[in-house]
Amino acid sequence: MNNQKIEEYSAYLNDLLAGNITASAIVGKGYVNPKSVASAWLRMNIHNMTNPKSVIDYVCVTKSGKAFATENKAMMSSVYKTLQAGQFKAINNAKVVDFGVMTAPGGDGFMIYACLN
């Protein structure tokens with residue numbers, strides 16, 4: 001089941017980045033930067049299904065939905081700096097227990113991740 005879902009989500013990610021489907025087909029409407037939200041959601045779920053012992057709760061990619069080109073570019077982003085300063089606000093008021101930059105599923109660069117409590 002997981003392998004099938006991973007393949008499905010990977011195909012959605014490729015189609016999203018290629019412009020073959022819209023972000024609203026994945027996450028619905030009403031988001032600011034919907035392509036980024038859809039890409040992050042897909043990447044988080046692909047990661048979590050691939051690594052069930054290393055689950056993450058939050059992912060950030062560029063506004064275009066693509067991964068950051070380099071680890072350094074991810075670390076220079078406003079989201080990473082907010083995490084680093086301890087000022088990140090989760091929707092559910094959860095606390096950040098870990099964060100960093102990792103290789104993004106899809107093989108196109110790096111994503112910011114956070115684990116929440």
# chains A, B, ... in the order shown; residues from 1 in each chain; ligands from 1
>>> residues_around(residues="A:Leu116", least_positions_apart="2", cutoff="7 Å", atoms="only C-alpha atoms", output="list of chain:residue names")
A:Asp57, A:Ala94, A:Lys95, A:Val96, A:Val97, A:Ala114
>>> residues_around(residues="A:Leu83", least_positions_apart="4", cutoff="12 Å", atoms="only C-alpha atoms", output="PyMOL selection string")
chain A and resi 58-60+74-79+87-90+95-101+112-116
>>> residues_around(residues="A:Ser39", least_positions_apart="5", cutoff="12 Å", atoms="only C-alpha atoms", output="PDB file with N, CA and C atoms, in the first residue's frame")
ATOM      1  N   TYR A   9       2.084   9.789  -5.096  1.00  0.00           N
ATOM      2  CA  TYR A   9       2.472  11.130  -4.665  1.00  0.00           C
ATOM      3  C   TYR A   9       3.660  11.655  -5.451  1.00  0.00           C
ATOM      4  N   SER A  10       4.598  10.780  -5.796  1.00  0.00           N
ATOM      5  CA  SER A  10       5.752  11.191  -6.607  1.00  0.00           C
ATOM      6  C   SER A  10       5.299  11.632  -7.998  1.00  0.00           C
ATOM      7  N   ALA A  11       4.338  10.924  -8.557  1.00  0.00           N
ATOM      8  CA  ALA A  11       3.792  11.300  -9.868  1.00  0.00           C
ATOM      9  C   ALA A  11       3.072  12.643  -9.776  1.00  0.00           C
ATOM     10  N   TYR A  12       2.299  12.852  -8.695  1.00  0.00           N
ATOM     11  CA  TYR A  12       1.636  14.140  -8.490  1.00  0.00           C
ATOM     12  C   TYR A  12       2.661  15.270  -8.382  1.00  0.00           C
ATOM     13  N   LEU A  13       3.742  15.027  -7.648  1.00  0.00           N
ATOM     14  CA  LEU A  13       4.784  16.045  -7.484  1.00  0.00           C
ATOM     15  C   LEU A  13       5.399  16.398  -8.830  1.00  0.00           C
ATOM     16  N   ASN A  14       5.730  15.396  -9.616  1.00  0.00           N
ATOM     17  CA  ASN A  14       6.297  15.646 -10.951  1.00  0.00           C
ATOM     18  C   ASN A  14       5.324  16.419 -11.829  1.00  0.00           C
ATOM     19  N   ASP A  15       4.048  16.022 -11.795  1.00  0.00           N
ATOM     20  CA  ASP A  15       3.032  16.714 -12.595  1.00  0.00           C
ATOM     21  C   ASP A  15       2.817  18.150 -12.118  1.00  0.00           C
ATOM     22  N   LEU A  16       2.847  18.362 -10.805  1.00  0.00           N
ATOM     23  CA  LEU A  16       2.697  19.704 -10.245  1.00  0.00           C
ATOM     24  C   LEU A  16       3.839  20.608 -10.706  1.00  0.00           C
ATOM     25  N   LEU A  17       5.055  20.127 -10.583  1.00  0.00           N
ATOM     26  CA  LEU A  17       6.224  20.937 -10.944  1.00  0.00           C
ATOM     27  C   LEU A  17       6.316  21.163 -12.448  1.00  0.00           C
ATOM     28  N   ALA A  18       5.784  20.230 -13.233  1.00  0.00           N
ATOM     29  CA  ALA A  18       5.789  20.369 -14.694  1.00  0.00           C
ATOM     30  C   ALA A  18       4.627  21.228 -15.189  1.00  0.00           C
ATOM     31  N   GLY A  19       3.687  21.538 -14.292  1.00  0.00           N
ATOM     32  CA  GLY A  19       2.537  22.342 -14.676  1.00  0.00           C
ATOM     33  C   GLY A  19       1.407  21.549 -15.294  1.00  0.00           C
ATOM     34  N   ILE A  21      -0.718  19.597 -13.564  1.00  0.00           N
ATOM     35  CA  ILE A  21      -1.872  19.679 -12.665  1.00  0.00           C
ATOM     36  C   ILE A  21      -1.721  20.937 -11.819  1.00  0.00           C
ATOM     37  N   THR A  22      -2.826  21.392 -11.264  1.00  0.00           N
ATOM     38  CA  THR A  22      -2.788  22.583 -10.423  1.00  0.00           C
ATOM     39  C   THR A  22      -2.642  22.182  -8.957  1.00  0.00           C
ATOM     40  N   ALA A  23      -2.181  23.103  -8.166  1.00  0.00           N
ATOM     41  CA  ALA A  23      -2.033  22.863  -6.726  1.00  0.00           C
ATOM     42  C   ALA A  23      -3.385  22.566  -6.081  1.00  0.00           C
ATOM     43  N   SER A  24      -4.435  23.191  -6.587  1.00  0.00           N
ATOM     44  CA  SER A  24      -5.763  22.981  -5.998  1.00  0.00           C
ATOM     45  C   SER A  24      -6.237  21.536  -6.149  1.00  0.00           C
ATOM     46  N   ALA A  25      -5.706  20.810  -7.122  1.00  0.00           N
ATOM     47  CA  ALA A  25      -6.050  19.398  -7.283  1.00  0.00           C
ATOM     48  C   ALA A  25      -5.484  18.570  -6.130  1.00  0.00           C
ATOM     49  N   ILE A  26      -4.487  19.108  -5.435  1.00  0.00           N
ATOM     50  CA  ILE A  26      -3.836  18.384  -4.343  1.00  0.00           C
ATOM     51  C   ILE A  26      -4.304  18.889  -2.982  1.00  0.00           C
ATOM     52  N   VAL A  27      -4.313  20.205  -2.792  1.00  0.00           N
ATOM     53  CA  VAL A  27      -4.611  20.767  -1.464  1.00  0.00           C
ATOM     54  C   VAL A  27      -5.869  21.616  -1.407  1.00  0.00           C
ATOM     55  N   ASN A  33       0.443  31.081  -1.939  1.00  0.00           N
ATOM     56  CA  ASN A  33       1.500  30.233  -2.515  1.00  0.00           C
ATOM     57  C   ASN A  33       1.069  28.760  -2.588  1.00  0.00           C
ATOM     58  N   PRO A  34      -0.032  28.480  -3.282  1.00  0.00           N
ATOM     59  CA  PRO A  34      -0.580  27.122  -3.290  1.00  0.00           C
ATOM     60  C   PRO A  34       0.368  26.065  -3.853  1.00  0.00           C
ATOM     61  N   MET A  44       6.439  15.998   2.209  1.00  0.00           N
ATOM     62  CA  MET A  44       6.375  15.548   3.601  1.00  0.00           C
ATOM     63  C   MET A  44       5.796  14.136   3.679  1.00  0.00           C
ATOM     64  N   ASN A  45       4.720  13.912   2.937  1.00  0.00           N
ATOM     65  CA  ASN A  45       4.098  12.591   2.970  1.00  0.00           C
ATOM     66  C   ASN A  45       4.973  11.524   2.331  1.00  0.00           C
ATOM     67  N   ILE A  46       5.649  11.845   1.244  1.00  0.00           N
ATOM     68  CA  ILE A  46       6.582  10.893   0.627  1.00  0.00           C
ATOM     69  C   ILE A  46       7.686  10.550   1.628  1.00  0.00           C
ATOM     70  N   TYR A  58       6.513  19.235   9.372  1.00  0.00           N
ATOM     71  CA  TYR A  58       6.431  20.468   8.596  1.00  0.00           C
ATOM     72  C   TYR A  58       7.536  20.461   7.554  1.00  0.00           C
ATOM     73  N   VAL A  59       7.193  20.925   6.350  1.00  0.00           N
ATOM     74  CA  VAL A  59       8.164  21.040   5.255  1.00  0.00           C
ATOM     75  C   VAL A  59       7.981  22.397   4.594  1.00  0.00           C
ATOM     76  N   CYS A  60       9.083  22.987   4.170  1.00  0.00           N
ATOM     77  CA  CYS A  60       9.047  24.241   3.430  1.00  0.00           C
ATOM     78  C   CYS A  60       9.933  24.115   2.191  1.00  0.00           C
ATOM     79  N   VAL A  61       9.386  24.546   1.056  1.00  0.00           N
ATOM     80  CA  VAL A  61      10.140  24.635  -0.200  1.00  0.00           C
ATOM     81  C   VAL A  61       9.941  26.051  -0.739  1.00  0.00           C
ATOM     82  N   THR A  62      10.463  26.328  -1.915  1.00  0.00           N
ATOM     83  CA  THR A  62      10.340  27.673  -2.477  1.00  0.00           C
ATOM     84  C   THR A  62       8.898  27.969  -2.883  1.00  0.00           C
ATOM     85  N   LYS A  63       8.600  29.229  -3.122  1.00  0.00           N
ATOM     86  CA  LYS A  63       7.249  29.636  -3.524  1.00  0.00           C
ATOM     87  C   LYS A  63       6.807  28.966  -4.817  1.00  0.00           C
ATOM     88  N   SER A  64       7.757  28.633  -5.677  1.00  0.00           N
ATOM     89  CA  SER A  64       7.431  27.997  -6.955  1.00  0.00           C
ATOM     90  C   SER A  64       7.101  26.516  -6.793  1.00  0.00           C
ATOM     91  N   GLY A  65       7.324  25.976  -5.588  1.00  0.00           N
ATOM     92  CA  GLY A  65       7.087  24.558  -5.342  1.00  0.00           C
ATOM     93  C   GLY A  65       8.331  23.717  -5.519  1.00  0.00           C
ATOM     94  N   LYS A  66       9.361  24.297  -6.110  1.00  0.00           N
ATOM     95  CA  LYS A  66      10.607  23.563  -6.291  1.00  0.00           C
ATOM     96  C   LYS A  66      11.372  23.544  -4.973  1.00  0.00           C
ATOM     97  N   ALA A  67      12.239  22.567  -4.853  1.00  0.00           N
ATOM     98  CA  ALA A  67      13.108  22.498  -3.682  1.00  0.00           C
ATOM     99  C   ALA A  67      14.151  23.610  -3.792  1.00  0.00           C
ATOM    100  N   ALA A 104      15.439  16.785  -0.555  1.00  0.00           N
ATOM    101  CA  ALA A 104      14.000  16.703  -0.795  1.00  0.00           C
ATOM    102  C   ALA A 104      13.651  15.486  -1.642  1.00  0.00           C
ATOM    103  N   PRO A 105      12.558  14.787  -1.303  1.00  0.00           N
ATOM    104  CA  PRO A 105      12.069  13.754  -2.209  1.00  0.00           C
ATOM    105  C   PRO A 105      11.793  14.396  -3.571  1.00  0.00           C
ATOM    106  N   GLY A 106      12.114  13.712  -4.597  1.00  0.00           N
ATOM    107  CA  GLY A 106      11.965  14.259  -5.938  1.00  0.00           C
ATOM    108  C   GLY A 106      13.331  14.533  -6.549  1.00  0.00           C
ATOM    109  N   ASP A 108      15.300  17.087  -6.493  1.00  0.00           N
ATOM    110  CA  ASP A 108      15.564  18.375  -7.145  1.00  0.00           C
ATOM    111  C   ASP A 108      16.195  19.400  -6.219  1.00  0.00           C
ATOM    112  N   MET A 111      14.986  20.695   1.186  1.00  0.00           N
ATOM    113  CA  MET A 111      13.804  21.255   1.831  1.00  0.00           C
ATOM    114  C   MET A 111      14.107  21.477   3.305  1.00  0.00           C
TER     115      MET A 111
END
>>> select_by_dssp(residues="chain A", states="alpha helix (DSSP H)", output="MDAnalysis selection string")
chainID A and resid 2:18 24:27 34:50 71:75 78:84
>>> atom_distance(atom1="atom CA of A:Lys73", atom2="atom CA of A:Thr103")
12.7 Å
>>> select_by_dssp(residues="stretch 31-117 of chain A", states="strand (DSSP E or B)", output="number ranges by chain")
A: 58-60, 68, 96-103, 110-116
>>> write_last_selection(atoms="N, CA and C atoms", output="short mmCIF file (atom, residue, chain, number, x, y, z; two decimals), in the first residue's frame")
data_model
loop_
_atom_site.label_atom_id
_atom_site.label_comp_id
_atom_site.auth_asym_id
_atom_site.auth_seq_id
_atom_site.Cartn_x
_atom_site.Cartn_y
_atom_site.Cartn_z
N TYR A 58 6.51 19.24 9.37
CA TYR A 58 6.43 20.47 8.60
C TYR A 58 7.54 20.46 7.55
N VAL A 59 7.19 20.93 6.35
CA VAL A 59 8.16 21.04 5.25
C VAL A 59 7.98 22.40 4.59
N CYS A 60 9.08 22.99 4.17
CA CYS A 60 9.05 24.24 3.43
C CYS A 60 9.93 24.11 2.19
N PHE A 68 14.76 23.95 -2.67
CA PHE A 68 15.85 24.93 -2.69
C PHE A 68 17.02 24.32 -3.46
N VAL A 96 8.51 23.46 18.40
CA VAL A 96 9.49 22.85 17.50
C VAL A 96 10.51 22.12 18.37
N VAL A 97 10.70 20.82 18.10
CA VAL A 97 11.67 20.04 18.86
C VAL A 97 12.92 19.74 18.03
N ASP A 98 12.82 19.86 16.72
CA ASP A 98 13.97 19.65 15.84
C ASP A 98 13.66 20.30 14.50
N PHE A 99 14.67 20.78 13.82
CA PHE A 99 14.51 21.33 12.48
C PHE A 99 15.84 21.26 11.76
N GLY A 100 15.78 21.43 10.47
CA GLY A 100 17.00 21.41 9.68
C GLY A 100 16.69 21.43 8.20
N VAL A 101 17.70 21.05 7.42
CA VAL A 101 17.58 20.98 5.98
C VAL A 101 17.94 19.56 5.56
N MET A 102 17.17 19.00 4.66
CA MET A 102 17.45 17.65 4.16
C MET A 102 17.21 17.60 2.66
N THR A 103 17.73 16.57 2.04
CA THR A 103 17.49 16.34 0.63
C THR A 103 16.00 16.11 0.42
N PHE A 110 16.84 20.69 -1.91
CA PHE A 110 16.74 20.57 -0.47
C PHE A 110 15.45 21.20 0.06
N MET A 111 14.99 20.70 1.19
CA MET A 111 13.80 21.25 1.83
C MET A 111 14.11 21.48 3.30
N ILE A 112 13.39 22.42 3.88
CA ILE A 112 13.47 22.68 5.31
C ILE A 112 12.43 21.78 5.98
N TYR A 113 12.79 21.19 7.10
CA TYR A 113 11.83 20.35 7.83
C TYR A 113 11.80 20.77 9.29
N ALA A 114 10.72 20.44 9.94
CA ALA A 114 10.61 20.63 11.39
C ALA A 114 9.81 19.49 11.99
N CYS A 115 10.21 19.11 13.18
CA CYS A 115 9.47 18.13 13.97
C CYS A 115 8.84 18.91 15.12
N LEU A 116 7.56 18.68 15.33
CA LEU A 116 6.82 19.43 16.35
C LEU A 116 6.38 18.50 17.47
#
>>> atom_distance(atom1="atom CA of A:Asn92", atom2="atom CA of A:Thr50")
25.1 Å
